[in-house]
$ cat data_18.cif   # mmCIF, C-alpha atoms and all ligand atoms
data_work
loop_
_atom_site.group_PDB
_atom_site.id
_atom_site.type_symbol
_atom_site.label_atom_id
_atom_site.label_comp_id
_atom_site.auth_asym_id
_atom_site.auth_seq_id
_atom_site.Cartn_x
_atom_site.Cartn_y
_atom_site.Cartn_z
ATOM 1 C CA MET A 2 0.000 0.000 0.000
ATOM 2 C CA ASP A 3 0.936 3.618 -0.375
ATOM 3 C CA ALA A 4 2.486 4.889 2.852
ATOM 4 C CA SER A 5 0.668 8.184 2.569
ATOM 5 C CA LEU A 6 -2.657 6.366 2.572
ATOM 6 C CA PRO A 7 -3.273 6.467 6.311
ATOM 7 C CA ILE A 8 -2.766 10.180 6.251
ATOM 8 C CA LYS A 9 -5.094 10.614 3.301
ATOM 9 C CA ALA A 10 -7.685 8.376 4.915
ATOM 10 C CA VAL A 11 -7.436 10.271 8.148
ATOM 11 C CA ARG A 12 -7.740 13.598 6.384
ATOM 12 C CA HIS A 13 -10.699 12.254 4.529
ATOM 13 C CA SER A 14 -12.586 11.353 7.666
ATOM 14 C CA SER A 15 -11.453 14.347 9.690
ATOM 15 C CA PRO A 16 -9.697 17.273 8.018
ATOM 16 C CA GLY A 17 -6.121 17.578 9.225
ATOM 17 C CA GLY A 18 -6.371 14.259 10.970
ATOM 18 C CA GLU A 19 -6.586 15.944 14.336
ATOM 19 C CA ASN A 20 -9.397 13.696 15.499
ATOM 20 C CA LEU A 21 -7.679 10.433 14.747
ATOM 21 C CA THR A 22 -6.955 8.346 17.819
ATOM 22 C CA LEU A 23 -4.595 5.395 18.268
ATOM 23 C CA SER A 24 -7.676 3.219 18.292
ATOM 24 C CA GLY A 25 -8.637 4.635 14.882
ATOM 25 C CA LEU A 26 -5.141 3.975 13.626
ATOM 26 C CA VAL A 27 -5.342 0.328 14.701
ATOM 27 C CA LYS A 28 -8.681 0.017 12.909
ATOM 28 C CA PHE A 29 -7.111 1.503 9.829
ATOM 29 C CA GLY A 30 -4.233 -0.984 10.029
ATOM 30 C CA GLU A 31 -6.617 -3.880 10.551
ATOM 31 C CA ASN A 32 -8.605 -2.995 7.458
ATOM 32 C CA ASP A 33 -5.480 -2.439 5.462
ATOM 33 C CA LEU A 34 -3.922 -5.797 6.402
ATOM 34 C CA GLN A 35 -7.122 -7.656 5.547
ATOM 35 C CA SER A 36 -6.052 -7.707 1.917
ATOM 36 C CA CYS A 37 -2.593 -9.095 2.711
ATOM 37 C CA GLU A 38 -2.668 -12.864 2.070
ATOM 38 C CA ASP A 39 0.012 -13.800 4.589
ATOM 39 C CA VAL A 40 -1.704 -12.111 7.497
ATOM 40 C CA GLU A 41 -3.963 -14.405 9.504
ATOM 41 C CA SER A 42 -4.987 -11.979 12.250
ATOM 42 C CA PRO A 43 -5.036 -8.441 10.846
ATOM 43 C CA GLY A 44 -6.275 -6.823 14.072
ATOM 44 C CA PHE A 45 -3.636 -8.539 16.177
ATOM 45 C CA GLU A 46 -0.833 -7.637 13.778
ATOM 46 C CA ALA A 47 -2.076 -4.044 13.514
ATOM 47 C CA GLU A 48 -1.816 -3.771 17.301
ATOM 48 C CA LEU A 49 1.629 -5.390 17.411
ATOM 49 C CA LEU A 50 2.959 -2.983 14.791
ATOM 50 C CA LEU A 51 1.613 0.091 16.534
ATOM 51 C CA SER A 52 2.763 -0.986 19.986
ATOM 52 C CA ALA A 53 6.261 -1.632 18.606
ATOM 53 C CA LEU A 54 6.257 1.852 17.111
ATOM 54 C CA LEU A 55 5.208 3.307 20.459
ATOM 55 C CA LYS A 56 7.723 1.074 22.260
ATOM 56 C CA CYS A 57 5.085 -0.294 24.568
ATOM 57 C CA ARG A 58 3.492 -3.684 25.169
ATOM 58 C CA ARG A 59 0.490 -4.628 23.074
ATOM 59 C CA LEU A 60 -1.885 -4.579 26.029
ATOM 60 C CA ASP A 61 -0.663 -1.151 27.147
ATOM 61 C CA LEU A 62 -1.913 0.144 23.833
ATOM 62 C CA TYR A 63 -5.482 -0.277 25.083
ATOM 63 C CA LEU A 64 -4.842 2.247 27.837
ATOM 64 C CA ARG A 65 -3.670 4.726 25.250
ATOM 65 C CA PHE A 66 -6.413 4.223 22.682
ATOM 66 C CA ASP A 67 -7.719 7.785 23.014
ATOM 67 C CA GLU A 68 -4.307 9.408 22.403
ATOM 68 C CA ARG A 69 -3.919 11.363 19.195
ATOM 69 C CA PRO A 70 -0.874 10.403 17.140
ATOM 70 C CA GLY A 71 1.241 12.979 15.337
ATOM 71 C CA LEU A 72 1.580 12.892 11.574
ATOM 72 C CA SER A 73 5.081 11.469 11.720
ATOM 73 C CA LEU A 74 3.855 8.481 13.726
ATOM 74 C CA ILE A 75 1.021 7.938 11.266
ATOM 75 C CA ARG A 76 3.502 8.050 8.415
ATOM 76 C CA GLN A 77 5.838 5.544 10.094
ATOM 77 C CA TYR A 78 2.887 3.252 10.712
ATOM 78 C CA GLY A 79 2.062 3.479 7.015
ATOM 79 C CA PHE A 80 5.615 2.382 6.149
ATOM 80 C CA MET A 81 5.267 -0.578 8.483
ATOM 81 C CA LEU A 82 2.035 -1.669 6.816
ATOM 82 C CA GLU A 83 3.694 -1.304 3.459
ATOM 83 C CA ARG A 84 6.569 -3.601 4.502
ATOM 84 C CA ARG A 85 4.084 -6.215 5.693
ATOM 85 C CA HIS A 86 2.330 -6.038 2.334
ATOM 86 C CA ARG A 87 5.654 -6.993 0.779
ATOM 87 C CA PHE A 88 5.574 -10.119 2.991
ATOM 88 C CA GLU A 89 8.329 -9.093 5.357
ATOM 89 C CA PRO A 90 7.924 -11.082 8.617
ATOM 90 C CA LEU A 91 5.979 -9.095 11.200
ATOM 91 C CA GLN A 92 8.789 -9.565 13.741
ATOM 92 C CA TYR A 93 11.402 -8.088 11.392
ATOM 93 C CA ILE A 94 9.235 -4.970 11.199
ATOM 94 C CA THR A 95 8.575 -4.732 14.932
ATOM 95 C CA GLY A 96 12.160 -5.841 15.660
ATOM 96 C CA ARG A 97 11.063 -8.131 18.460
ATOM 97 C CA GLU A 98 9.518 -11.446 19.443
ATOM 98 C CA ILE A 99 8.536 -12.955 22.765
ATOM 99 C CA PHE A 100 10.102 -16.306 23.647
ATOM 100 C CA LEU A 101 9.228 -17.929 26.979
ATOM 101 C CA ASN A 102 8.029 -14.581 28.317
ATOM 102 C CA ARG A 103 11.169 -12.671 27.403
ATOM 103 C CA GLU A 104 11.536 -10.168 24.587
ATOM 104 C CA PHE A 105 14.223 -10.921 21.992
ATOM 105 C CA SER A 106 15.479 -8.548 19.329
ATOM 106 C CA VAL A 107 15.239 -9.948 15.826
ATOM 107 C CA GLY A 108 15.633 -8.671 12.291
ATOM 108 C CA PRO A 109 17.040 -9.535 8.878
ATOM 109 C CA GLY A 110 19.746 -12.185 9.163
ATOM 110 C CA VAL A 111 18.300 -14.134 12.072
ATOM 111 C CA LEU A 112 15.511 -16.710 12.365
ATOM 112 C CA VAL A 113 12.477 -15.460 14.268
ATOM 113 C CA PRO A 114 11.950 -17.668 17.363
ATOM 114 C CA ARG A 115 8.926 -19.935 16.870
ATOM 115 C CA PRO A 116 6.404 -20.946 19.553
ATOM 116 C CA GLU A 117 7.199 -24.651 19.025
ATOM 117 C CA THR A 118 10.835 -23.985 19.900
ATOM 118 C CA GLU A 119 9.653 -23.016 23.377
ATOM 119 C CA LEU A 120 8.845 -26.724 23.814
ATOM 120 C CA LEU A 121 12.408 -27.599 22.886
ATOM 121 C CA ALA A 122 13.857 -25.122 25.387
ATOM 122 C CA GLU A 123 11.522 -26.352 28.135
ATOM 123 C CA GLU A 124 12.502 -29.951 27.483
ATOM 124 C CA ALA A 125 16.193 -29.005 27.661
ATOM 125 C CA MET A 126 15.531 -27.212 30.960
ATOM 126 C CA ARG A 127 14.055 -30.410 32.361
ATOM 127 C CA PHE A 128 17.164 -32.434 31.607
ATOM 128 C CA LEU A 129 19.725 -29.813 32.469
ATOM 129 C CA ASN A 130 21.044 -30.159 35.949
ATOM 130 C CA ARG A 131 24.715 -29.447 36.358
ATOM 131 C CA GLY A 132 25.714 -28.417 32.872
ATOM 132 C CA PRO A 133 27.521 -27.428 30.883
ATOM 133 C CA PHE A 134 25.094 -27.144 27.989
ATOM 134 C CA LEU A 135 25.629 -26.537 24.314
ATOM 135 C CA ASP A 136 23.182 -24.845 21.918
ATOM 136 C CA LEU A 137 24.019 -25.563 18.288
ATOM 137 C CA GLY A 138 22.788 -22.940 15.814
ATOM 138 C CA THR A 139 21.713 -20.523 18.491
ATOM 139 C CA GLY A 140 20.332 -17.823 16.138
ATOM 140 C CA SER A 141 18.827 -15.049 18.265
ATOM 141 C CA GLY A 142 20.146 -16.855 21.369
ATOM 142 C CA CYS A 143 16.605 -17.516 22.570
ATOM 143 C CA ILE A 144 17.275 -21.083 23.762
ATOM 144 C CA ALA A 145 20.702 -20.493 25.313
ATOM 145 C CA ILE A 146 19.677 -17.304 27.108
ATOM 146 C CA SER A 147 16.409 -18.807 28.389
ATOM 147 C CA LEU A 148 18.222 -21.895 29.697
ATOM 148 C CA TRP A 149 20.947 -19.919 31.340
ATOM 149 C CA LEU A 150 18.573 -17.487 33.049
ATOM 150 C CA GLU A 151 16.130 -20.215 34.132
ATOM 151 C CA LYS A 152 19.001 -22.114 35.750
ATOM 152 C CA GLN A 153 19.766 -19.056 37.900
ATOM 153 C CA LYS A 154 22.855 -18.126 35.866
ATOM 154 C CA ALA A 155 24.686 -20.924 37.682
ATOM 155 C CA LEU A 156 25.681 -23.194 34.804
ATOM 156 C CA GLU A 157 28.235 -22.929 32.065
ATOM 157 C CA GLY A 158 26.744 -22.637 28.587
ATOM 158 C CA TYR A 159 28.067 -22.523 25.032
ATOM 159 C CA ALA A 160 26.106 -21.213 22.072
ATOM 160 C CA VAL A 161 27.403 -21.698 18.542
ATOM 161 C CA ASP A 162 26.314 -20.181 15.261
ATOM 162 C CA ILE A 163 27.944 -19.964 11.865
ATOM 163 C CA SER A 164 26.334 -16.609 11.101
ATOM 164 C CA PRO A 165 27.966 -13.433 12.415
ATOM 165 C CA GLU A 166 24.651 -11.574 11.986
ATOM 166 C CA ALA A 167 22.842 -14.116 14.160
ATOM 167 C CA LEU A 168 25.544 -13.925 16.827
ATOM 168 C CA GLY A 169 25.220 -10.148 16.756
ATOM 169 C CA TYR A 170 21.538 -10.469 17.701
ATOM 170 C CA ALA A 171 22.343 -13.139 20.307
ATOM 171 C CA ARG A 172 24.908 -10.920 22.009
ATOM 172 C CA LYS A 173 22.555 -7.957 21.907
ATOM 173 C CA ASN A 174 19.822 -10.079 23.481
ATOM 174 C CA ALA A 175 22.171 -11.379 26.161
ATOM 175 C CA LYS A 176 22.920 -7.775 27.028
ATOM 176 C CA SER A 177 19.335 -6.551 27.153
ATOM 177 C CA LEU A 178 18.190 -9.586 29.139
ATOM 178 C CA GLY A 179 20.969 -9.502 31.725
ATOM 179 C CA ALA A 180 22.766 -12.594 30.455
ATOM 180 C CA VAL A 181 26.255 -11.263 29.830
ATOM 181 C CA SER A 182 28.680 -13.434 31.753
ATOM 182 C CA PRO A 183 31.978 -15.280 31.372
ATOM 183 C CA LYS A 184 29.877 -18.416 31.949
ATOM 184 C CA LEU A 185 27.813 -17.962 28.794
ATOM 185 C CA HIS A 186 29.999 -18.267 25.719
ATOM 186 C CA TRP A 187 29.106 -17.142 22.192
ATOM 187 C CA VAL A 188 31.098 -19.044 19.605
ATOM 188 C CA LYS A 189 31.226 -18.487 15.866
ATOM 189 C CA GLY A 190 31.556 -21.541 13.674
ATOM 190 C CA ASP A 191 30.077 -24.633 12.097
ATOM 191 C CA LEU A 192 28.418 -26.993 14.620
ATOM 192 C CA PHE A 193 31.085 -28.584 16.856
ATOM 193 C CA HIS A 194 34.091 -27.377 14.859
ATOM 194 C CA PRO A 195 34.948 -24.232 16.811
ATOM 195 C CA LEU A 196 34.767 -25.894 20.244
ATOM 196 C CA PRO A 197 38.005 -26.385 22.181
ATOM 197 C CA ASP A 198 39.207 -29.926 22.937
ATOM 198 C CA HIS A 199 38.835 -29.583 26.684
ATOM 199 C CA LEU A 200 35.049 -29.674 26.162
ATOM 200 C CA LYS A 201 35.187 -33.175 24.681
ATOM 201 C CA ASN A 202 32.662 -35.417 26.439
ATOM 202 C CA ALA A 203 31.802 -32.564 28.781
ATOM 203 C CA PHE A 204 28.225 -31.584 27.882
ATOM 204 C CA GLU A 205 25.322 -32.735 29.986
ATOM 205 C CA VAL A 206 22.844 -31.407 27.428
ATOM 206 C CA ILE A 207 23.265 -30.614 23.753
ATOM 207 C CA VAL A 208 20.232 -28.820 22.369
ATOM 208 C CA SER A 209 19.601 -27.724 18.801
ATOM 209 C CA ASN A 210 16.985 -26.374 16.457
ATOM 210 C CA PRO A 211 18.935 -27.175 13.299
ATOM 211 C CA PRO A 212 17.895 -26.228 9.772
ATOM 212 C CA TYR A 213 15.455 -29.014 8.888
ATOM 213 C CA LEU A 214 13.375 -27.925 5.921
ATOM 214 C CA ASP A 215 13.581 -29.508 2.517
ATOM 215 C CA MET A 216 13.413 -26.348 0.424
ATOM 216 C CA ASN A 217 12.245 -28.310 -2.642
ATOM 217 C CA ARG A 218 9.537 -30.340 -0.986
ATOM 218 C CA ASP A 219 8.241 -28.529 2.087
ATOM 219 C CA LYS A 220 5.466 -25.995 1.969
ATOM 220 C CA ILE A 221 7.175 -22.834 3.159
ATOM 221 C CA GLY A 222 5.407 -19.521 3.726
ATOM 222 C CA ARG A 223 6.312 -16.687 1.409
ATOM 223 C CA SER A 224 7.668 -14.407 4.107
ATOM 224 C CA VAL A 225 9.852 -17.215 5.526
ATOM 225 C CA ARG A 226 11.222 -18.182 2.125
ATOM 226 C CA LYS A 227 11.771 -14.641 0.969
ATOM 227 C CA PHE A 228 13.195 -13.058 4.103
ATOM 228 C CA GLU A 229 14.516 -15.487 6.712
ATOM 229 C CA PRO A 230 18.101 -16.788 6.504
ATOM 230 C CA LEU A 231 18.429 -19.890 4.339
ATOM 231 C CA ALA A 232 21.239 -21.219 6.547
ATOM 232 C CA ALA A 233 18.763 -21.490 9.422
ATOM 233 C CA LEU A 234 16.140 -23.281 7.329
ATOM 234 C CA ASP A 235 17.700 -25.423 4.629
ATOM 235 C CA GLY A 236 18.301 -28.959 5.891
ATOM 236 C CA GLY A 237 19.234 -30.384 2.483
ATOM 237 C CA GLU A 238 17.717 -33.610 1.160
ATOM 238 C CA GLY A 239 14.663 -34.485 3.276
ATOM 239 C CA GLY A 240 15.800 -31.771 5.700
ATOM 240 C CA LEU A 241 18.002 -34.352 7.427
ATOM 241 C CA THR A 242 21.589 -33.374 6.576
ATOM 242 C CA CYS A 243 22.328 -31.531 9.777
ATOM 243 C CA TYR A 244 21.002 -34.332 11.994
ATOM 244 C CA SER A 245 23.337 -36.908 10.514
ATOM 245 C CA ARG A 246 26.287 -34.635 11.253
ATOM 246 C CA ILE A 247 25.050 -34.007 14.786
ATOM 247 C CA PHE A 248 24.499 -37.746 15.472
ATOM 248 C CA LYS A 249 27.952 -38.546 14.160
ATOM 249 C CA GLU A 250 29.806 -35.854 16.072
ATOM 250 C CA ALA A 251 27.830 -35.510 19.317
ATOM 251 C CA VAL A 252 29.344 -38.774 20.653
ATOM 252 C CA ASN A 253 32.615 -36.857 21.067
ATOM 253 C CA TRP A 254 31.058 -34.031 23.035
ATOM 254 C CA LEU A 255 28.337 -35.523 25.270
ATOM 255 C CA LYS A 256 28.985 -36.666 28.809
ATOM 256 C CA PRO A 257 28.543 -40.439 29.215
ATOM 257 C CA ASP A 258 25.024 -39.985 30.575
ATOM 258 C CA GLY A 259 24.152 -36.793 28.728
ATOM 259 C CA PHE A 260 21.184 -35.842 26.572
ATOM 260 C CA LEU A 261 20.787 -34.735 22.997
ATOM 261 C CA ILE A 262 17.577 -32.743 22.534
ATOM 262 C CA LEU A 263 16.533 -31.742 19.034
ATOM 263 C CA GLU A 264 13.732 -29.915 17.315
ATOM 264 C CA MET A 265 12.459 -31.641 14.192
ATOM 265 C CA GLY A 266 10.155 -30.945 11.264
ATOM 266 C CA MET A 267 6.973 -32.577 10.069
ATOM 267 C CA ASN A 268 7.260 -36.343 9.496
ATOM 268 C CA GLN A 269 10.898 -36.451 10.558
ATOM 269 C CA ALA A 270 10.518 -38.551 13.721
ATOM 270 C CA GLY A 271 10.446 -41.786 11.668
ATOM 271 C CA PRO A 272 13.502 -41.082 9.505
ATOM 272 C CA LEU A 273 15.444 -39.814 12.536
ATOM 273 C CA MET A 274 14.666 -42.977 14.524
ATOM 274 C CA SER A 275 15.859 -45.048 11.561
ATOM 275 C CA MET A 276 19.091 -43.061 11.456
ATOM 276 C CA LEU A 277 19.642 -43.908 15.115
ATOM 277 C CA LYS A 278 18.956 -47.633 14.722
ATOM 278 C CA GLY A 279 22.124 -49.634 15.050
ATOM 279 C CA ASN A 280 23.837 -46.859 16.989
ATOM 280 C CA SER A 281 24.169 -48.337 20.455
ATOM 281 C CA SER A 282 25.363 -45.041 21.980
ATOM 282 C CA TYR A 283 21.952 -43.421 21.642
ATOM 283 C CA ARG A 284 18.540 -44.279 22.965
ATOM 284 C CA VAL A 285 15.353 -42.366 22.171
ATOM 285 C CA LEU A 286 13.769 -41.374 25.480
ATOM 286 C CA ASN A 287 10.974 -39.042 24.533
ATOM 287 C CA ILE A 288 9.097 -37.469 21.634
ATOM 288 C CA LEU A 289 7.007 -34.356 22.275
ATOM 289 C CA LYS A 290 4.209 -33.173 20.048
ATOM 290 C CA ASP A 291 3.573 -29.496 19.414
ATOM 291 C CA GLU A 292 0.174 -27.815 19.621
ATOM 292 C CA GLN A 293 -0.708 -28.967 16.135
ATOM 293 C CA GLY A 294 0.003 -32.577 17.045
ATOM 294 C CA ILE A 295 3.248 -32.696 15.052
ATOM 295 C CA ASP A 296 6.157 -34.675 16.544
ATOM 296 C CA ARG A 297 8.445 -31.779 17.322
ATOM 297 C CA VAL A 298 11.041 -32.517 19.995
ATOM 298 C CA LEU A 299 13.247 -35.595 20.126
ATOM 299 C CA THR A 300 15.084 -36.419 23.350
ATOM 300 C CA ILE A 301 17.928 -38.900 23.092
ATOM 301 C CA GLY A 302 19.936 -40.363 25.964
ATOM 302 C CA PHE A 303 23.629 -40.977 25.461
ATOM 303 C CA ASN A 304 25.351 -44.056 26.931
ATOM 304 C CA GLY A 305 23.360 -44.902 30.014
ATOM 305 C CA ALA A 306 21.384 -41.672 30.341
ATOM 306 C CA GLU A 307 18.136 -43.662 30.432
ATOM 307 C CA LYS A 308 19.020 -44.800 33.956
ATOM 308 C CA LYS A 309 18.804 -41.196 35.081
ATOM 309 C CA TYR A 310 15.623 -40.588 33.174
ATOM 310 C CA GLY A 311 12.124 -40.944 34.585
HETATM 311 N N1 LIG B 401 10.338 -24.001 12.178
HETATM 312 C C1 LIG B 401 10.843 -23.283 11.057
HETATM 313 C C2 LIG B 401 9.778 -23.120 10.004
HETATM 314 O O1 LIG B 401 8.967 -23.993 9.833
HETATM 315 C C3 LIG B 401 12.044 -23.988 10.476
HETATM 316 C C4 LIG B 401 13.197 -23.798 11.349
HETATM 317 C C5 LIG B 401 14.228 -24.832 11.105
HETATM 318 O O2 LIG B 401 14.461 -25.299 9.993
HETATM 319 N N2 LIG B 401 14.846 -25.182 12.160
HETATM 320 O O3 LIG B 401 9.730 -22.128 9.327
#

$ encode --input "data_18.cif" --output "structure tokens" --more "lines below"
Ligand code: GLN
Amino acid sequence: MDASLPIKAVRHSSPGGENLTLSGLVKFGENDLQSCEDVESPGFEAELLLSALLKCRRLDLYLRFDERPGLSLIRQYGFMLERRHRFEPLQYITGREIFLNREFSVGPGVLVPRPETELLAEEAMRFLNRGPFLDLGTGSGCIAISLWLEKQKALEGYAVDISPEALGYARKNAKSLGAVSPKLHWVKGDLFHPLPDHLKNAFEVIVSNPPYLDMNRDKIGRSVRKFEPLAALDGGEGGLTCYSRIFKEAVNWLKPDGFLILEMGMNQAGPLMSMLKGNSSYRVLNILKDEQGIDRVLTIGFNGAEKKYG
């Protein structure tokens, strides 16, 4: 849409726009986003965009509904709507997403944390006791930071990502969420490669949301495909490439009774179990379904971990 539209529309209904309220602006946004195919809840998104612009929480917006926005705010809101019409992810426009009740900064170059990944982080929390833990492909840092803070900042944690942009967001998030510490390490590199030798067979929990989509076969939303980083999504043939590397290499990095906890994509539980068959080091302990009933989190015990489990 044309970014000057809100202003025109406002002028149309009330000359000069002086009678427009924030509530009217949300209504405008809601109507405008109705024609945008990718938007499932136009009213909700309209509120999220405006609250981000006002740097407040969505619910606080309701207390401010009678306020009258200035023209510059209306114009900026128009630009936001325009970006959404070009299928940019909502969270790239607002610059933020909530993960396990904490606000993470996101933007181009980093995967937006998904609600189903909260399940993965919660499962890792359950198994994490003494640490250290390792988060492979940390992205925005949402898993590593949540784990570290939930465990009272007491454990040692390592978070790896190959993308410098992603690590930039992760470090920024660690700072804004009070998770900067010599105990929480941000490491740039490819899976286990950058880790020092003294961490061999040291990790109690290895957690990962690896790239697991098959870009040729999976149905992938336009905004994801067009805007989110391919390195965080593309899991090669069947989406399984990264898992085979993790299974092969994790034996060198897990503690004897440690846990490997992985997010997976639709219909991947079966193929992943087959990959593990014949590998006596690993035993599948748990599979969690997400809200849509899709097998989403795979928990694997390493060499005797099942004795601890239950
Ligand atoms: N869950 C993401 C999506 O469906 C994919 C993330 C990943 O590959 N790990 O868009």

$ residues_near_ligand --input "data_18.cif" --ligand "ligand LIG 401 (chain B)" --cutoff "6 Å" --atoms "all atoms listed in the file" --output "PyMOL selection string"
chain A and resi 210-214+233-234

$ atom_distance --input "data_18.cif" --atom1 "CA of Arg59 in chain A" --atom2 "CA of Ile99 in chain A"
11.6 Å

$ residues_around --input "data_18.cif" --residues "range 236-239 of chain A" --least-positions-apart "4" --cutoff "10 Å" --atoms "all atoms listed in the file" --output "PyMOL selection string"
chain A and resi 211-219+231-232+243-244+266+268-269+272

$ residues_around --input "data_18.cif" --residues "Glu48 in chain A" --least-positions-apart "5" --cutoff "10 Å" --atoms "all atoms listed in the file" --output "ChimeraX atom specification"
/A:23-24,26-28,30-31,43,53-54,58-60,62-63

$ residues_around --input "data_18.cif" --residues "His186 in chain A" --least-positions-apart "4" --cutoff "10 Å" --atoms "all atoms listed in the file" --output "PyMOL selection string"
chain A and resi 135+145+157-161+172+181-182

$ write_last_selection --input "data_18.cif" --atoms "C-alpha atoms" --output "CSV table (one decimal), in the frame of the given file"
chain,number,residue,atom,x,y,z
A,135,LEU,CA,25.6,-26.5,24.3
A,145,ALA,CA,20.7,-20.5,25.3
A,157,GLU,CA,28.2,-22.9,32.1
A,158,GLY,CA,26.7,-22.6,28.6
A,159,TYR,CA,28.1,-22.5,25.0
A,160,ALA,CA,26.1,-21.2,22.1
A,161,VAL,CA,27.4,-21.7,18.5
A,172,ARG,CA,24.9,-10.9,22.0
A,181,VAL,CA,26.3,-11.3,29.8
A,182,SER,CA,28.7,-13.4,31.8

$ closest_residue --input "data_18.cif" --among "A:Ser209, A:Arg284, A:Met81, A:Phe204" --to "Leu129 in chain A" --atoms "all atoms listed in the file"
A:Phe204

$ closest_residue --input "data_18.cif" --among "A:Ile144, A:Cys37, A:Val225, A:Ala203" --to "Arg131 in chain A" --atoms "only C-alpha atoms"
A:Ala203

$ residues_around --input "data_18.cif" --residues "Ile207 in chain A" --least-positions-apart "5" --cutoff "7 Å" --atoms "only C-alpha atoms" --output "JSON, numbers by chain"
{"A": [134, 135, 136, 260, 261, 262]}

$ write_last_selection --input "data_18.cif" --atoms "C-alpha atoms" --output "short mmCIF file (atom, residue, chain, number, x, y, z; two decimals), in the frame of the given file"
data_model
loop_
_atom_site.label_atom_id
_atom_site.label_comp_id
_atom_site.auth_asym_id
_atom_site.auth_seq_id
_atom_site.Cartn_x
_atom_site.Cartn_y
_atom_site.Cartn_z
CA PHE A 134 25.09 -27.14 27.99
CA LEU A 135 25.63 -26.54 24.31
CA ASP A 136 23.18 -24.84 21.92
CA PHE A 260 21.18 -35.84 26.57
CA LEU A 261 20.79 -34.74 23.00
CA ILE A 262 17.58 -32.74 22.53
#

$ residues_around --input "data_18.cif" --residues "Gly259 in chain A" --least-positions-apart "6" --cutoff "7 Å" --atoms "all atoms listed in the file" --output "MDAnalysis selection string"
chainID A and resid 204:206 302:303 306

$ write_last_selection --input "data_18.cif" --atoms "C-alpha atoms" --output "mmCIF file, in the frame of the given file"
data_model
loop_
_atom_site.group_PDB
_atom_site.id
_atom_site.type_symbol
_atom_site.label_atom_id
_atom_site.label_comp_id
_atom_site.auth_asym_id
_atom_site.auth_seq_id
_atom_site.Cartn_x
_atom_site.Cartn_y
_atom_site.Cartn_z
ATOM 1 C CA PHE A 204 28.225 -31.584 27.882
ATOM 2 C CA GLU A 205 25.322 -32.735 29.986
ATOM 3 C CA VAL A 206 22.844 -31.407 27.428
ATOM 4 C CA GLY A 302 19.936 -40.363 25.964
ATOM 5 C CA PHE A 303 23.629 -40.977 25.461
ATOM 6 C CA ALA A 306 21.384 -41.672 30.341
#

$ resolve_selection --input "data_18.cif" --expression "the PyMOL selection byres (((chain A and resi 282) around 12) and not hetatm)" --output "PyMOL selection string"
chain A and resi 248-253+255-261+277-281+283-285+301-307

$ resolve_selection --input "data_18.cif" --expression "the PyMOL selection byres (((chain A and resi 222) around 12) and not hetatm)" --output "list in words"
Glu38, Asp39, Val40, Phe88, Glu89, Pro90, Leu214, Met216, Asp219, Lys220, Ile221, Arg223, Ser224, Val225, Arg226, Lys227, Phe228, Glu229 and Leu234 of chain A

$ closest_residue --input "data_18.cif" --among "A:Gln92, A:Ser275, A:Thr118, A:Asn102" --to "Leu289 in chain A" --atoms "only C-alpha atoms"
A:Thr118

$ atom_distance --input "data_18.cif" --atom1 "CA of Val188 in chain A" --atom2 "CA of Leu273 in chain A"
27.0 Å

$ atom_distance --input "data_18.cif" --atom1 "CA of Leu286 in chain A" --atom2 "CA of Glu151 in chain A"
23.0 Å

$ closest_residue --input "data_18.cif" --among "A:Ser245, A:His199, A:Asp235, A:Leu82" --to "Met274 in chain A" --atoms "all atoms listed in the file"
A:Ser245

$ closest_residue --input "data_18.cif" --among "A:Met265, A:Leu148, A:Ala270, A:Leu50" --to "Phe128 in chain A" --atoms "only C-alpha atoms"
A:Leu148

$ resolve_selection --input "data_18.cif" --expression "the PyMOL selection byres (((chain A and resi 167) around 12) and not hetatm)" --output "PyMOL selection string"
chain A and resi 106-114+138-143+160-166+168-174+187-190+229-230+232-233

$ write_last_selection --input "data_18.cif" --atoms "C-alpha atoms" --output "compact mmCIF listing (two decimals), keeping the file's coordinate frame"
# COMPACT_ATOMS: atom_id res chain seq x y z
CA SER A 106 15.48 -8.55 19.33
CA VAL A 107 15.24 -9.95 15.83
CA GLY A 108 15.63 -8.67 12.29
CA PRO A 109 17.04 -9.54 8.88
CA GLY A 110 19.75 -12.18 9.16
CA VAL A 111 18.30 -14.13 12.07
CA LEU A 112 15.51 -16.71 12.36
CA VAL A 113 12.48 -15.46 14.27
CA PRO A 114 11.95 -17.67 17.36
CA GLY A 138 22.79 -22.94 15.81
CA THR A 139 21.71 -20.52 18.49
CA GLY A 140 20.33 -17.82 16.14
CA SER A 141 18.83 -15.05 18.26
CA GLY A 142 20.15 -16.86 21.37
CA CYS A 143 16.60 -17.52 22.57
CA ALA A 160 26.11 -21.21 22.07
CA VAL A 161 27.40 -21.70 18.54
CA ASP A 162 26.31 -20.18 15.26
CA ILE A 163 27.94 -19.96 11.86
CA SER A 164 26.33 -16.61 11.10
CA PRO A 165 27.97 -13.43 12.42
CA GLU A 166 24.65 -11.57 11.99
CA LEU A 168 25.54 -13.92 16.83
CA GLY A 169 25.22 -10.15 16.76
CA TYR A 170 21.54 -10.47 17.70
CA ALA A 171 22.34 -13.14 20.31
CA ARG A 172 24.91 -10.92 22.01
CA LYS A 173 22.56 -7.96 21.91
CA ASN A 174 19.82 -10.08 23.48
CA TRP A 187 29.11 -17.14 22.19
CA VAL A 188 31.10 -19.04 19.60
CA LYS A 189 31.23 -18.49 15.87
CA GLY A 190 31.56 -21.54 13.67
CA GLU A 229 14.52 -15.49 6.71
CA PRO A 230 18.10 -16.79 6.50
CA ALA A 232 21.24 -21.22 6.55
CA ALA A 233 18.76 -21.49 9.42

$ closest_residue --input "data_18.cif" --among "A:Glu264, A:Glu46, A:Asp191, A:Asp291" --to "Arg85 in chain A" --atoms "only C-alpha atoms"
A:Glu46
